[in-house]
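Shown next: my_file-v6.txt, containing compact mmCIF, C-alpha atoms.
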```txt
# COMPACT_ATOMS: atom_id res chain seq x y z
CA MET A 5 15.90 1.87 11.31
CA MET A 6 16.89 4.22 8.50
CA GLN A 7 14.81 3.80 5.40
CA SER A 8 16.16 4.13 1.91
CA LYS A 9 15.94 7.59 0.36
CA LEU A 10 15.61 6.12 -3.11
CA SER A 11 12.29 6.55 -4.88
CA ASP A 12 9.86 3.64 -5.22
CA ILE A 13 10.74 3.26 -8.91
CA GLU A 14 14.49 3.15 -8.17
CA LEU A 15 13.91 0.50 -5.50
CA ILE A 16 11.74 -1.51 -7.92
CA ASN A 17 14.47 -1.38 -10.59
CA LYS A 18 17.04 -2.57 -8.06
CA THR A 19 14.71 -5.37 -6.95
CA ILE A 20 14.15 -6.51 -10.54
CA ALA A 21 17.93 -6.48 -11.02
CA GLY A 22 18.15 -9.01 -8.16
CA ASP A 23 18.70 -6.83 -5.07
CA GLN A 24 16.28 -8.26 -2.51
CA SER A 25 17.28 -5.73 0.15
CA ALA A 26 15.74 -3.02 -2.08
CA TYR A 27 12.43 -4.82 -1.83
CA ALA A 28 12.80 -5.01 1.94
CA ASP A 29 13.08 -1.18 1.88
CA LEU A 30 9.88 -0.97 -0.18
CA VAL A 31 8.11 -3.23 2.33
CA LYS A 32 9.29 -1.07 5.24
CA ARG A 33 8.07 2.04 3.45
CA HIS A 34 4.55 0.78 2.74
CA GLN A 35 3.94 -1.81 5.46
CA ARG A 36 2.05 0.47 7.86
CA PHE A 37 -0.43 1.55 5.26
CA VAL A 38 -0.98 -1.92 3.79
CA PHE A 39 -1.34 -3.35 7.28
CA THR A 40 -3.90 -0.64 8.15
CA LEU A 41 -5.90 -1.42 4.99
CA ALA A 42 -5.85 -5.10 5.92
CA MET A 43 -7.00 -4.21 9.45
CA ARG A 44 -9.96 -2.29 8.01
CA PHE A 45 -11.19 -5.56 6.51
CA THR A 46 -10.16 -8.24 8.95
CA LYS A 47 -10.52 -6.33 12.25
CA SER A 48 -7.93 -8.71 13.70
CA ARG A 49 -4.15 -8.18 13.90
CA GLU A 50 -3.31 -11.83 13.13
CA ASP A 51 -5.48 -11.92 10.00
CA ALA A 52 -4.31 -8.47 8.94
CA GLU A 53 -0.68 -9.57 9.20
CA GLU A 54 -1.42 -12.59 7.02
CA VAL A 55 -3.24 -10.48 4.41
CA ALA A 56 -0.54 -7.77 4.37
CA GLN A 57 2.22 -10.37 4.07
CA ASP A 58 0.37 -12.11 1.26
CA CYS A 59 -0.03 -8.76 -0.49
CA PHE A 60 3.71 -8.02 -0.43
CA VAL A 61 4.60 -11.53 -1.63
CA LYS A 62 2.11 -11.23 -4.51
CA ALA A 63 3.50 -7.80 -5.38
CA TYR A 64 7.04 -9.22 -5.45
CA ARG A 65 5.97 -12.04 -7.76
CA SER A 66 4.40 -9.67 -10.28
CA LEU A 67 6.83 -6.77 -9.94
CA ASP A 68 7.88 -7.34 -13.55
CA SER A 69 4.34 -6.57 -14.72
CA PHE A 70 4.16 -3.23 -12.87
CA LYS A 71 3.78 -0.47 -15.45
CA LYS A 72 5.61 2.53 -14.14
CA GLU A 73 2.97 4.90 -15.56
CA SER A 74 1.03 4.87 -12.27
CA LYS A 75 2.26 5.21 -8.69
CA PHE A 76 3.64 2.07 -7.07
CA SER A 77 1.45 2.76 -4.04
CA THR A 78 -1.73 2.74 -6.19
CA TRP A 79 -0.69 -0.58 -7.72
CA LEU A 80 0.20 -2.00 -4.31
CA TYR A 81 -3.11 -0.86 -2.76
CA THR A 82 -4.98 -2.59 -5.60
CA ILE A 83 -3.25 -5.82 -4.61
CA ALA A 84 -3.91 -5.12 -0.92
CA TYR A 85 -7.60 -4.49 -1.60
CA THR A 86 -8.11 -7.62 -3.71
CA THR A 87 -6.10 -9.75 -1.27
CA ALA A 88 -8.17 -8.49 1.66
CA MET A 89 -11.41 -9.09 -0.24
CA THR A 90 -10.33 -12.63 -1.18
CA SER A 91 -9.35 -13.35 2.40
CA LEU A 92 -12.67 -11.98 3.62
CA ARG A 93 -14.58 -14.21 1.22
CA LYS A 94 -12.52 -17.23 2.24
CA LYS A 95 -13.06 -16.73 5.93
CA ARG A 96 -16.66 -15.61 5.42
CA LEU A 97 -16.24 -12.85 7.95
CA ASP A 98 -19.25 -10.86 8.89
CA THR A 99 -18.82 -7.57 7.04
CA ALA A 100 -22.20 -6.23 8.03
CA SER A 101 -22.36 -2.54 8.81
CA ILE A 102 -21.91 -1.40 12.37
CA ASP A 103 -25.43 -0.03 12.03
CA ASP A 104 -26.72 -3.57 12.40
CA GLU A 105 -28.52 -3.98 15.67
CA ASP A 106 -26.37 -6.74 17.18
CA THR A 107 -23.07 -5.06 16.45
CA HIS A 108 -24.40 -1.77 17.70
CA ILE A 109 -25.31 -3.32 21.03
CA GLN A 110 -21.88 -4.89 21.29
CA ILE A 111 -20.12 -1.57 20.78
CA GLU A 112 -22.38 0.26 23.18
CA ASN A 113 -21.70 -2.40 25.79
CA THR A 114 -17.97 -2.06 25.25
CA SER A 115 -18.01 1.71 25.56
CA SER A 116 -20.22 1.62 28.64
CA GLY A 117 -17.40 -0.15 30.47
CA TYR A 118 -15.06 2.86 30.13
CA ASP A 119 -13.21 4.17 33.10
CA VAL A 120 -14.34 7.78 33.62
CA ASN A 121 -10.80 9.00 34.34
CA ASN A 122 -9.49 7.40 31.16
CA ALA A 123 -12.37 8.86 29.19
CA GLU A 124 -11.40 12.35 30.36
CA ASN A 125 -7.90 11.85 29.07
CA ARG A 126 -8.95 10.62 25.68
CA SER A 127 -8.32 12.98 22.84
CA ARG A 128 -10.59 13.70 19.91
CA SER A 129 -8.09 11.73 17.84
CA PHE A 130 -8.94 8.63 19.86
CA TYR A 131 -12.65 9.04 19.12
CA LEU A 132 -11.95 9.65 15.45
CA ASN A 133 -9.99 6.40 15.15
CA GLN A 134 -12.62 4.60 17.18
CA ALA A 135 -15.32 5.85 14.79
CA ILE A 136 -13.26 4.75 11.77
CA GLY A 137 -13.06 1.31 13.33
CA GLN A 138 -16.85 1.23 13.49
CA LEU A 139 -17.28 1.97 9.80
CA THR A 140 -17.81 -0.76 7.21
CA ALA A 141 -14.63 -2.02 5.53
CA ASP A 142 -15.45 -0.17 2.29
CA ASP A 143 -16.10 3.17 4.01
CA ALA A 144 -13.00 2.87 6.20
CA THR A 145 -10.85 1.87 3.21
CA ILE A 146 -11.95 4.75 1.03
CA ILE A 147 -11.38 7.29 3.82
CA THR A 148 -7.98 5.78 4.67
CA LEU A 149 -6.89 5.76 1.03
CA PHE A 150 -7.94 9.37 0.57
CA TYR A 151 -6.49 10.84 3.75
CA LYS A 152 -3.50 8.64 4.50
CA GLY A 153 -2.66 6.94 1.21
CA GLU A 154 -2.10 10.21 -0.63
CA GLN A 155 -4.35 8.93 -3.39
CA SER A 156 -6.53 11.08 -5.63
CA THR A 157 -10.12 10.03 -6.37
CA GLU A 158 -8.92 8.74 -9.78
CA GLU A 159 -6.19 6.65 -8.14
CA ILE A 160 -8.64 5.28 -5.56
CA ALA A 161 -10.97 4.39 -8.45
CA GLN A 162 -8.11 2.51 -10.08
CA ALA A 163 -7.24 0.68 -6.85
CA LEU A 164 -10.83 -0.33 -6.11
CA GLY A 165 -11.77 -1.00 -9.73
CA ILE A 166 -14.66 1.48 -9.82
CA GLU A 167 -15.48 4.79 -11.54
CA ALA A 168 -13.98 8.02 -10.20
CA ASN A 169 -17.50 9.47 -9.80
CA SER A 170 -18.51 6.49 -7.66
CA VAL A 171 -15.46 7.16 -5.48
CA LYS A 172 -16.61 10.77 -4.97
CA ILE A 173 -20.08 9.61 -3.93
CA LYS A 174 -18.74 6.83 -1.70
CA LEU A 175 -16.25 9.20 -0.09
CA PHE A 176 -18.97 11.75 0.58
CA ARG A 177 -21.25 9.13 2.20
CA ALA A 178 -18.37 7.57 4.16
CA ARG A 179 -17.48 11.00 5.59
CA GLN A 180 -21.10 11.61 6.55
CA ARG A 181 -21.33 8.26 8.34
CA LEU A 182 -18.00 8.86 10.06
CA LYS A 183 -19.18 12.27 11.27
CA GLU A 184 -22.39 10.76 12.63
CA LYS A 185 -20.53 8.00 14.45
CA LEU A 186 -17.98 10.41 15.85
CA GLU A 187 -20.72 12.70 17.17
CA ARG A 188 -22.62 9.74 18.64
CA ASN A 189 -19.51 8.39 20.37
CA LEU A 190 -18.64 11.82 21.77
CA LYS A 191 -22.19 12.34 23.03
CA HIS A 192 -22.04 8.95 24.68
CA GLU A 193 -18.76 9.84 26.39
CA VAL A 194 -20.18 13.14 27.65
CA LYS A 195 -23.10 11.21 29.19
CA GLU A 196 -20.59 8.84 30.83
CA LEU A 197 -18.71 11.76 32.33
CA ILE A 198 -21.88 13.39 33.67
CA MET B 19 -24.88 18.66 -6.83
CA SER B 20 -27.59 18.06 -4.32
CA SER B 21 -26.65 19.53 -0.96
CA ILE B 22 -24.64 22.30 0.63
CA GLU B 23 -22.38 19.73 2.23
CA GLU B 24 -21.72 17.96 -1.05
CA LYS B 25 -20.85 21.23 -2.77
CA LEU B 26 -18.53 22.21 0.05
CA TRP B 27 -16.74 18.86 0.09
CA GLU B 28 -16.09 19.16 -3.64
CA TYR B 29 -14.72 22.66 -2.98
CA ILE B 30 -12.48 21.40 -0.15
CA ASP B 31 -11.28 18.36 -2.13
CA GLY B 32 -10.70 20.50 -5.22
CA THR B 33 -12.74 18.18 -7.43
CA CYS B 34 -15.13 20.82 -8.82
CA THR B 35 -14.66 22.83 -12.00
CA ALA B 36 -13.24 26.37 -11.98
CA ASP B 37 -16.72 27.89 -12.46
CA GLU B 38 -18.21 25.83 -9.64
CA ARG B 39 -15.28 26.74 -7.46
CA GLU B 40 -15.83 30.43 -8.03
CA ALA B 41 -19.57 30.09 -7.34
CA ILE B 42 -18.97 28.23 -4.05
CA LYS B 43 -16.35 30.79 -3.04
CA GLN B 44 -18.93 33.54 -3.49
CA LEU B 45 -21.49 31.58 -1.46
CA ILE B 46 -19.03 31.07 1.40
CA ALA B 47 -18.21 34.76 1.39
CA GLY B 48 -21.82 35.95 1.28
CA ASP B 49 -23.93 33.28 2.97
CA GLU B 50 -23.73 32.71 6.74
CA ILE B 51 -25.02 29.09 6.50
CA TYR B 52 -22.40 28.21 3.88
CA ARG B 53 -19.64 29.93 5.86
CA HIS B 54 -20.55 28.10 9.08
CA LYS B 55 -20.82 24.72 7.37
CA TYR B 56 -17.56 25.33 5.50
CA GLN B 57 -15.68 26.05 8.74
CA GLU B 58 -17.16 22.92 10.33
CA LEU B 59 -16.17 20.68 7.41
CA LEU B 60 -12.74 22.26 7.21
CA VAL B 61 -12.05 21.38 10.86
CA PHE B 62 -13.33 17.83 10.31
CA ASN B 63 -11.20 17.48 7.19
CA GLN B 64 -8.13 18.69 9.07
CA GLU B 65 -8.80 16.22 11.88
CA MET B 66 -9.02 13.32 9.47
CA ALA B 67 -5.81 14.31 7.74
CA VAL B 68 -3.87 14.79 10.98
CA ASP B 69 -5.46 12.58 13.64
CA MET B 70 -6.17 9.43 11.67
CA GLU B 71 -3.67 6.84 12.88
CA LEU B 72 -2.17 4.01 10.92
CA ASP B 73 -1.86 0.61 12.57
CA GLU B 74 1.63 -0.59 13.31
CA PRO B 75 2.48 -4.08 12.03
CA PRO B 76 4.54 -6.45 14.22
CA MET B 77 8.26 -5.70 14.54
CA ALA B 78 9.34 -8.69 12.45
CA PHE B 79 6.87 -8.02 9.63
CA THR B 80 9.46 -7.13 6.97
CA TYR B 81 11.61 -10.07 8.03
CA HIS B 82 8.67 -12.47 7.66
CA VAL B 83 7.80 -11.10 4.21
CA MET B 84 11.39 -11.42 3.01
CA GLU B 85 11.72 -14.90 4.48
CA THR B 86 8.57 -16.03 2.65
CA ILE B 87 9.92 -14.58 -0.59
CA ARG B 88 13.35 -16.18 -0.08
CA THR B 89 11.84 -19.60 0.64
CA GLU B 90 9.54 -19.39 -2.37
CA TYR B 91 12.36 -18.16 -4.60
CA ALA B 92 14.70 -20.91 -3.38
CA ILE B 93 12.14 -23.60 -4.22
CA GLN B 94 11.40 -22.22 -7.66
CA HIS B 95 14.98 -21.39 -8.61
CA PRO B 96 17.53 -23.31 -6.49
CA LEU B 97 20.71 -21.24 -6.52
CA LYS B 98 23.05 -24.22 -6.90
CA THR B 99 21.22 -25.48 -9.96
CA ARG B 100 20.66 -22.12 -11.61
CA VAL B 101 22.16 -22.40 -15.10
CA ASN B 102 23.75 -19.50 -16.85
CA LYS B 103 21.97 -18.81 -20.16
CA ASN B 104 25.33 -18.32 -21.90
CA LEU B 105 26.35 -21.82 -20.84
CA ILE B 106 23.21 -23.22 -22.45
CA ARG B 107 24.00 -21.30 -25.65
CA VAL B 108 27.58 -22.67 -25.69
CA ILE B 109 26.34 -26.24 -25.21
CA GLY B 110 23.75 -25.73 -27.95
CA GLY B 111 26.40 -24.31 -30.24
CA PHE B 112 28.70 -27.22 -29.54
CA PHE B 113 26.01 -29.71 -30.51
CA ILE B 114 25.17 -27.87 -33.70
CA VAL B 115 28.85 -27.72 -34.72
CA SER B 116 29.42 -31.39 -33.78
CA LEU B 117 26.39 -32.56 -35.74
CA THR B 118 27.41 -30.48 -38.74
CA VAL B 119 30.97 -31.88 -38.66
CA MET B 120 29.64 -35.42 -38.33
CA LEU B 121 27.22 -34.88 -41.19
CA VAL B 122 30.01 -33.51 -43.39
CA ILE B 123 32.27 -36.50 -42.52
CA ALA B 124 29.44 -38.93 -43.20
CA LEU B 125 28.52 -37.32 -46.50
CA SER B 126 32.14 -37.06 -47.63
CA GLY B 127 32.51 -40.81 -47.03
CA LEU B 128 29.69 -41.57 -49.40
CA HIS B 129 30.47 -42.59 -52.95
CA TRP B 130 28.19 -40.70 -55.34
CA PRO B 131 27.94 -42.46 -58.74
CA ALA B 132 27.49 -40.21 -61.74
CA ASP B 133 24.13 -41.69 -62.63
CA VAL B 134 22.25 -41.88 -59.34
CA GLN B 135 19.90 -44.83 -59.08
CA ILE B 136 17.68 -44.85 -56.04
CA ALA B 137 17.47 -48.59 -55.66
CA SER B 138 21.05 -49.14 -56.64
CA ASN B 139 23.18 -51.46 -54.51
CA SER B 140 26.30 -49.66 -55.62
CA THR B 141 25.87 -46.93 -52.91
CA HIS B 142 28.61 -47.33 -50.31
CA LEU B 143 27.62 -46.58 -46.74
CA PRO B 144 30.24 -44.89 -44.49
CA ASP B 145 32.31 -47.13 -42.31
CA PHE B 146 30.69 -46.61 -38.89
CA LYS B 147 33.46 -48.55 -37.11
CA ASN B 148 35.91 -45.93 -38.24
CA LEU B 149 33.57 -43.14 -37.27
CA LEU B 150 33.13 -44.53 -33.75
CA SER B 151 36.82 -44.69 -33.20
CA ASP B 152 37.16 -41.08 -34.27
CA GLY B 153 38.44 -38.71 -31.54
CA THR B 154 35.72 -36.09 -32.17
CA LEU B 155 33.01 -38.64 -31.53
CA LYS B 156 34.65 -39.68 -28.27
CA VAL B 157 34.67 -36.06 -27.10
CA PHE B 158 31.05 -35.76 -28.17
CA LEU B 159 30.04 -38.85 -26.18
CA PHE B 160 32.04 -37.66 -23.16
CA PHE B 161 30.22 -34.33 -23.25
CA ASP B 162 26.87 -36.14 -23.51
CA THR B 163 27.71 -38.12 -20.38
CA VAL B 164 28.68 -34.97 -18.46
CA LEU B 165 25.47 -33.26 -19.54
CA LEU B 166 23.41 -36.28 -18.51
CA LEU B 167 25.03 -36.28 -15.05
CA PHE B 168 24.44 -32.52 -14.73
CA LEU B 169 20.73 -32.87 -15.56
CA ALA B 170 20.38 -35.84 -13.20
CA ASP B 171 21.97 -33.76 -10.41
CA ARG B 172 19.59 -30.88 -11.10
CA PHE B 173 16.58 -33.19 -11.04
CA MET B 174 17.69 -34.81 -7.77
CA ARG B 175 18.25 -31.40 -6.09
CA LYS B 176 14.77 -30.23 -7.13
CA HIS B 177 13.30 -33.46 -5.84
CA ILE B 178 15.06 -33.07 -2.45
CA LEU B 179 14.03 -29.40 -2.11
CA HIS B 180 10.40 -30.23 -2.86
CA LYS B 181 10.50 -32.96 -0.24
CA GLN B 182 11.98 -30.52 2.31
CA ALA B 183 9.30 -27.91 1.53
```
Same coordinates, now as structure tokens:
Amino acid sequence: MMQSKLSDIELINKTIAGDQSAYADLVKRHQRFVFTLAMRFTKSREDAEEVAQDCFVKAYRSLDSFKKESKFSTWLYTIAYTTAMTSLRKKRLDTASIDDEDTHIQIENTSSGYDVNNAENRSRSFYLNQAIGQLTADDATIITLFYKGEQSTEEIAQALGIEANSVKIKLFRARQRLKEKLERNLKHEVKELI
Amino acid sequence: MSSIEEKLWEYIDGTCTADEREAIKQLIAGDEIYRHKYQELLVFNQEMAVDMELDEPPMAFTYHVMETIRTEYAIQHPLKTRVNKNLIRVIGGFFIVSLTVMLVIALSGLHWPADVQIASNSTHLPDFKNLLSDGTLKVFLFFDTVLLLFLADRFMRKHILHKQA
């Protein structure tokens, strides 16, 4: 489906003027990213859909209060982040790091069941996304916001409600952990192939 | 800055100062360890930017969001009972004018003696029977009835919509 070529601000103005189809265009434009952010927290498609939907409804309700000084995406990701966090608290999901022993075993068991032929066909991209999925919600979110959300460290700081310097440190550590996990997963796959 | 990797990431992200940038550039050019690490991080950075995939929400996601908004909006502001602000202003204006006219009629009917005595029995009250039979008052009462019916209708609609929700 063709998406509107209007800017976010133009679509917001149309929505405020009463054009609901303009908001539908905004949803279409940002839904993949918001859904991905929700997935980073919930790790389940059903829960992620609920969180992402809730985020867009909340954003619609408070569209009047959006100050057009910052990017709409930054404002929307702030809502997505807080909505996901609230949902996580409500459902008391286990957000423990993948480094925890139990979770580690679970992942290793899952990967040990790989079909060798399929493993050969897997690209490095697959392993990268797999490693991102093994990161904690915070690490995965910060990396996703930086690389796919087109957000600067200052904008990420605004979305997460932390200092820009903390974002730099968190991003650095998240990248280190991602690199380690990626290397570990690749080593594991090589062993499987041998 | 504590490590080679940290310095290089700041260089790649463009978050270091101009002086730091120049210093790191020199290190990459002259130091084999820096150059090797820089190339490694650059490839990793490129992979993350290109290969990271976003999850695809269900096909009907936008539809579900808009339906939720429409339902919520319909409950809060039923379209059939949405009142134009101008209409409210006109009604308000009508009441103000009517009350002013009535007050003027009432006051003009009063007999004001030259020497006003508060407890005097000589003050003549307006003839309310005549006022009630006045055409203006009939219109005023008719409008009141219409307004009352309109508000009752609005209340009933809200009540029904809440029950349905």
* In Å, rounded to a single decimal, give me how far atom CA of A:Ser74 is from atom CA of A:Glu159. =>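 Atom-to-atom, atom CA of A:Glu159 and atom CA of A:Ser74 are spaced 8.5 Å apart.
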Write out, as CSV, each residue of chain B that has an atom at most 10 Å from chain A, together with the closest pair of atoms and their distance in Å to one decimal, counting all atoms listed in the file, rows going by chain and rising number.
```
residue,atom,partner,partner_atom,distance
B:Glu23,CA,A:Phe176,CA,8.8
B:Glu24,CA,A:Phe176,CA,7.0
B:Trp27,CA,A:Phe176,CA,7.5
B:Glu28,CA,A:Lys172,CA,8.5
B:Asp31,CA,A:Ser156,CA,9.4
B:Thr33,CA,A:Thr157,CA,8.6
B:Leu59,CA,A:Lys183,CA,9.7
B:Phe62,CA,A:Lys183,CA,8.1
B:Asn63,CA,A:Tyr151,CA,8.8
B:Gln64,CA,A:Tyr151,CA,9.6
B:Glu65,CA,A:Ser129,CA,7.5
B:Met66,CA,A:Tyr151,CA,6.7
B:Ala67,CA,A:Tyr151,CA,5.3
B:Val68,CA,A:Ser129,CA,8.6
B:Asp69,CA,A:Ser129,CA,5.0
B:Met70,CA,A:Asn133,CA,6.0
B:Glu71,CA,A:Asn133,CA,6.7
B:Leu72,CA,A:Thr40,CA,5.7
B:Asp73,CA,A:Thr40,CA,5.0
B:Glu74,CA,A:Arg36,CA,5.6
B:Pro75,CA,A:Phe39,CA,6.1
B:Pro76,CA,A:Glu53,CA,7.9
B:Phe79,CA,A:Gln57,CA,7.6
B:Thr80,CA,A:Val31,CA,6.2
B:Tyr81,CA,A:Ala28,CA,8.0
B:His82,CA,A:Gln57,CA,7.7
B:Val83,CA,A:Gln57,CA,5.6
B:Met84,CA,A:Ala28,CA,6.6
B:Glu85,CA,A:Val61,CA,10.0
B:Thr86,CA,A:Val61,CA,7.4
B:Ile87,CA,A:Val61,CA,6.2
B:Arg88,CA,A:Gln24,CA,8.8
B:Glu90,CA,A:Val61,CA,9.3
B:Tyr91,CA,A:Arg65,CA,9.4
```
* To one decimal place, how far is atom CA of A:Ser91 from atom CA of A:Lys75 in Å? ->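 Separation of atom CA of A:Ser91 and atom CA of A:Lys75: 24.5 Å.
Taking atom CA of A:Asp68 as the reference point, atom CA of A:Thr19 is found at 9.7 Å.
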* Can you work out which one of A:Leu10, A:Ala161, A:Ile146, A:Leu139 has the shortest atom-to-atom distance to A:Lys185, counting all atoms listed in the file? => A:Leu139
Counting all atoms listed in the file, what is within 10 Å of A:Glu187, bar same-chain residues fewer than 5 positions away, as a compact mmCIF listing (two decimals) with C-alpha atoms, keeping the file's coordinate frame?
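Output (selection.txt):
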```txt
# COMPACT_ATOMS: atom_id res chain seq x y z
CA TYR A 131 -12.65 9.04 19.12
CA LEU A 132 -11.95 9.65 15.45
CA ALA A 135 -15.32 5.85 14.79
CA ARG A 181 -21.33 8.26 8.34
CA LEU A 182 -18.00 8.86 10.06
CA HIS A 192 -22.04 8.95 24.68
CA GLU A 193 -18.76 9.84 26.39
```
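For stretch 118-123 of chain B, the non-local neighbours within 10 Å, defined as residues at least 3 positions apart in the same chain or in other chains and counting all atoms listed in the file, are Phe112, Phe113, Ile114, Val115, Ser126, Gly127, Leu128, Pro144, Leu149, Thr154 and Leu155 of chain B.
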Any chance you could export the current selection's C-alpha atoms as a PDB file, in the frame of the given file?
```pdb
ATOM      1  CA  PHE B 112      28.700 -27.220 -29.540  1.00  0.00           C
ATOM      2  CA  PHE B 113      26.010 -29.710 -30.510  1.00  0.00           C
ATOM      3  CA  ILE B 114      25.170 -27.870 -33.700  1.00  0.00           C
ATOM      4  CA  VAL B 115      28.850 -27.720 -34.720  1.00  0.00           C
ATOM      5  CA  SER B 126      32.140 -37.060 -47.630  1.00  0.00           C
ATOM      6  CA  GLY B 127      32.510 -40.810 -47.030  1.00  0.00           C
ATOM      7  CA  LEU B 128      29.690 -41.570 -49.400  1.00  0.00           C
ATOM      8  CA  PRO B 144      30.240 -44.890 -44.490  1.00  0.00           C
ATOM      9  CA  LEU B 149      33.570 -43.140 -37.270  1.00  0.00           C
ATOM     10  CA  THR B 154      35.720 -36.090 -32.170  1.00  0.00           C
ATOM     11  CA  LEU B 155      33.010 -38.640 -31.530  1.00  0.00           C
TER      12      LEU B 155
END
```
* With all atoms listed in the file as the basis for distance, which of B:Ala124, B:Ile30, B:Ile22, B:Ile109 is at the shortest distance from B:Val164? ->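 For B:Val164, the nearest of the given residues is B:Ile109.
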* Which residues come within 10 Å of A:Leu164, counting all atoms listed in the file, excluding same-chain residues fewer than 6 positions away, as a list in words? -> Thr78, Tyr81, Thr82, Ile83, Ala84, Tyr85, Thr86, Asp142, Thr145, Ile146, Glu158 and Val171 of chain A
Place all heavy atoms on stretch 23-29 of chain A and deliver the coordinates as a PDB file, in the coordinates of the input.
```pdb
ATOM      1  N   ASP A  23      18.355  -7.303  -6.416  1.00  0.00           N
ATOM      2  CA  ASP A  23      18.700  -6.830  -5.070  1.00  0.00           C
ATOM      3  C   ASP A  23      17.472  -6.949  -4.146  1.00  0.00           C
ATOM      4  O   ASP A  23      16.579  -6.092  -4.161  1.00  0.00           O
ATOM      5  CB  ASP A  23      19.167  -5.368  -5.167  1.00  0.00           C
ATOM      6  CG  ASP A  23      19.578  -4.801  -3.821  1.00  0.00           C
ATOM      7  OD1 ASP A  23      19.487  -5.534  -2.811  1.00  0.00           O
ATOM      8  OD2 ASP A  23      19.991  -3.626  -3.787  1.00  0.00           O
ATOM      9  N   GLN A  24      17.441  -8.017  -3.372  1.00  0.00           N
ATOM     10  CA  GLN A  24      16.280  -8.260  -2.510  1.00  0.00           C
ATOM     11  C   GLN A  24      16.181  -7.257  -1.351  1.00  0.00           C
ATOM     12  O   GLN A  24      15.092  -6.994  -0.852  1.00  0.00           O
ATOM     13  CB  GLN A  24      16.304  -9.684  -1.964  1.00  0.00           C
ATOM     14  CG  GLN A  24      15.901 -10.708  -3.014  1.00  0.00           C
ATOM     15  CD  GLN A  24      15.525 -12.041  -2.413  1.00  0.00           C
ATOM     16  OE1 GLN A  24      15.863 -12.351  -1.283  1.00  0.00           O
ATOM     17  NE2 GLN A  24      14.832 -12.850  -3.193  1.00  0.00           N
ATOM     18  N   SER A  25      17.325  -6.693  -0.956  1.00  0.00           N
ATOM     19  CA  SER A  25      17.280  -5.730   0.150  1.00  0.00           C
ATOM     20  C   SER A  25      16.510  -4.469  -0.274  1.00  0.00           C
ATOM     21  O   SER A  25      15.933  -3.778   0.562  1.00  0.00           O
ATOM     22  CB  SER A  25      18.680  -5.367   0.608  1.00  0.00           C
ATOM     23  OG  SER A  25      19.338  -4.649  -0.403  1.00  0.00           O
ATOM     24  N   ALA A  26      16.504  -4.175  -1.579  1.00  0.00           N
ATOM     25  CA  ALA A  26      15.740  -3.020  -2.080  1.00  0.00           C
ATOM     26  C   ALA A  26      14.248  -3.272  -1.874  1.00  0.00           C
ATOM     27  O   ALA A  26      13.503  -2.346  -1.539  1.00  0.00           O
ATOM     28  CB  ALA A  26      16.038  -2.800  -3.564  1.00  0.00           C
ATOM     29  N   TYR A  27      13.845  -4.510  -2.052  1.00  0.00           N
ATOM     30  CA  TYR A  27      12.430  -4.820  -1.830  1.00  0.00           C
ATOM     31  C   TYR A  27      12.082  -4.730  -0.346  1.00  0.00           C
ATOM     32  O   TYR A  27      10.990  -4.294   0.007  1.00  0.00           O
ATOM     33  CB  TYR A  27      12.071  -6.201  -2.402  1.00  0.00           C
ATOM     34  CG  TYR A  27      10.565  -6.395  -2.462  1.00  0.00           C
ATOM     35  CD1 TYR A  27       9.796  -5.667  -3.365  1.00  0.00           C
ATOM     36  CD2 TYR A  27       9.901  -7.254  -1.592  1.00  0.00           C
ATOM     37  CE1 TYR A  27       8.420  -5.792  -3.410  1.00  0.00           C
ATOM     38  CE2 TYR A  27       8.523  -7.391  -1.638  1.00  0.00           C
ATOM     39  CZ  TYR A  27       7.786  -6.662  -2.549  1.00  0.00           C
ATOM     40  OH  TYR A  27       6.411  -6.779  -2.578  1.00  0.00           O
ATOM     41  N   ALA A  28      13.022  -5.122   0.490  1.00  0.00           N
ATOM     42  CA  ALA A  28      12.800  -5.010   1.940  1.00  0.00           C
ATOM     43  C   ALA A  28      12.556  -3.534   2.312  1.00  0.00           C
ATOM     44  O   ALA A  28      11.716  -3.232   3.155  1.00  0.00           O
ATOM     45  CB  ALA A  28      13.997  -5.559   2.696  1.00  0.00           C
ATOM     46  N   ASP A  29      13.284  -2.623   1.643  1.00  0.00           N
ATOM     47  CA  ASP A  29      13.080  -1.180   1.880  1.00  0.00           C
ATOM     48  C   ASP A  29      11.681  -0.747   1.448  1.00  0.00           C
ATOM     49  O   ASP A  29      11.036   0.055   2.115  1.00  0.00           O
ATOM     50  CB  ASP A  29      14.131  -0.357   1.122  1.00  0.00           C
ATOM     51  CG  ASP A  29      15.486  -0.413   1.809  1.00  0.00           C
ATOM     52  OD1 ASP A  29      15.517  -0.714   3.014  1.00  0.00           O
ATOM     53  OD2 ASP A  29      16.507  -0.175   1.135  1.00  0.00           O
TER      54      ASP A  29
END
```
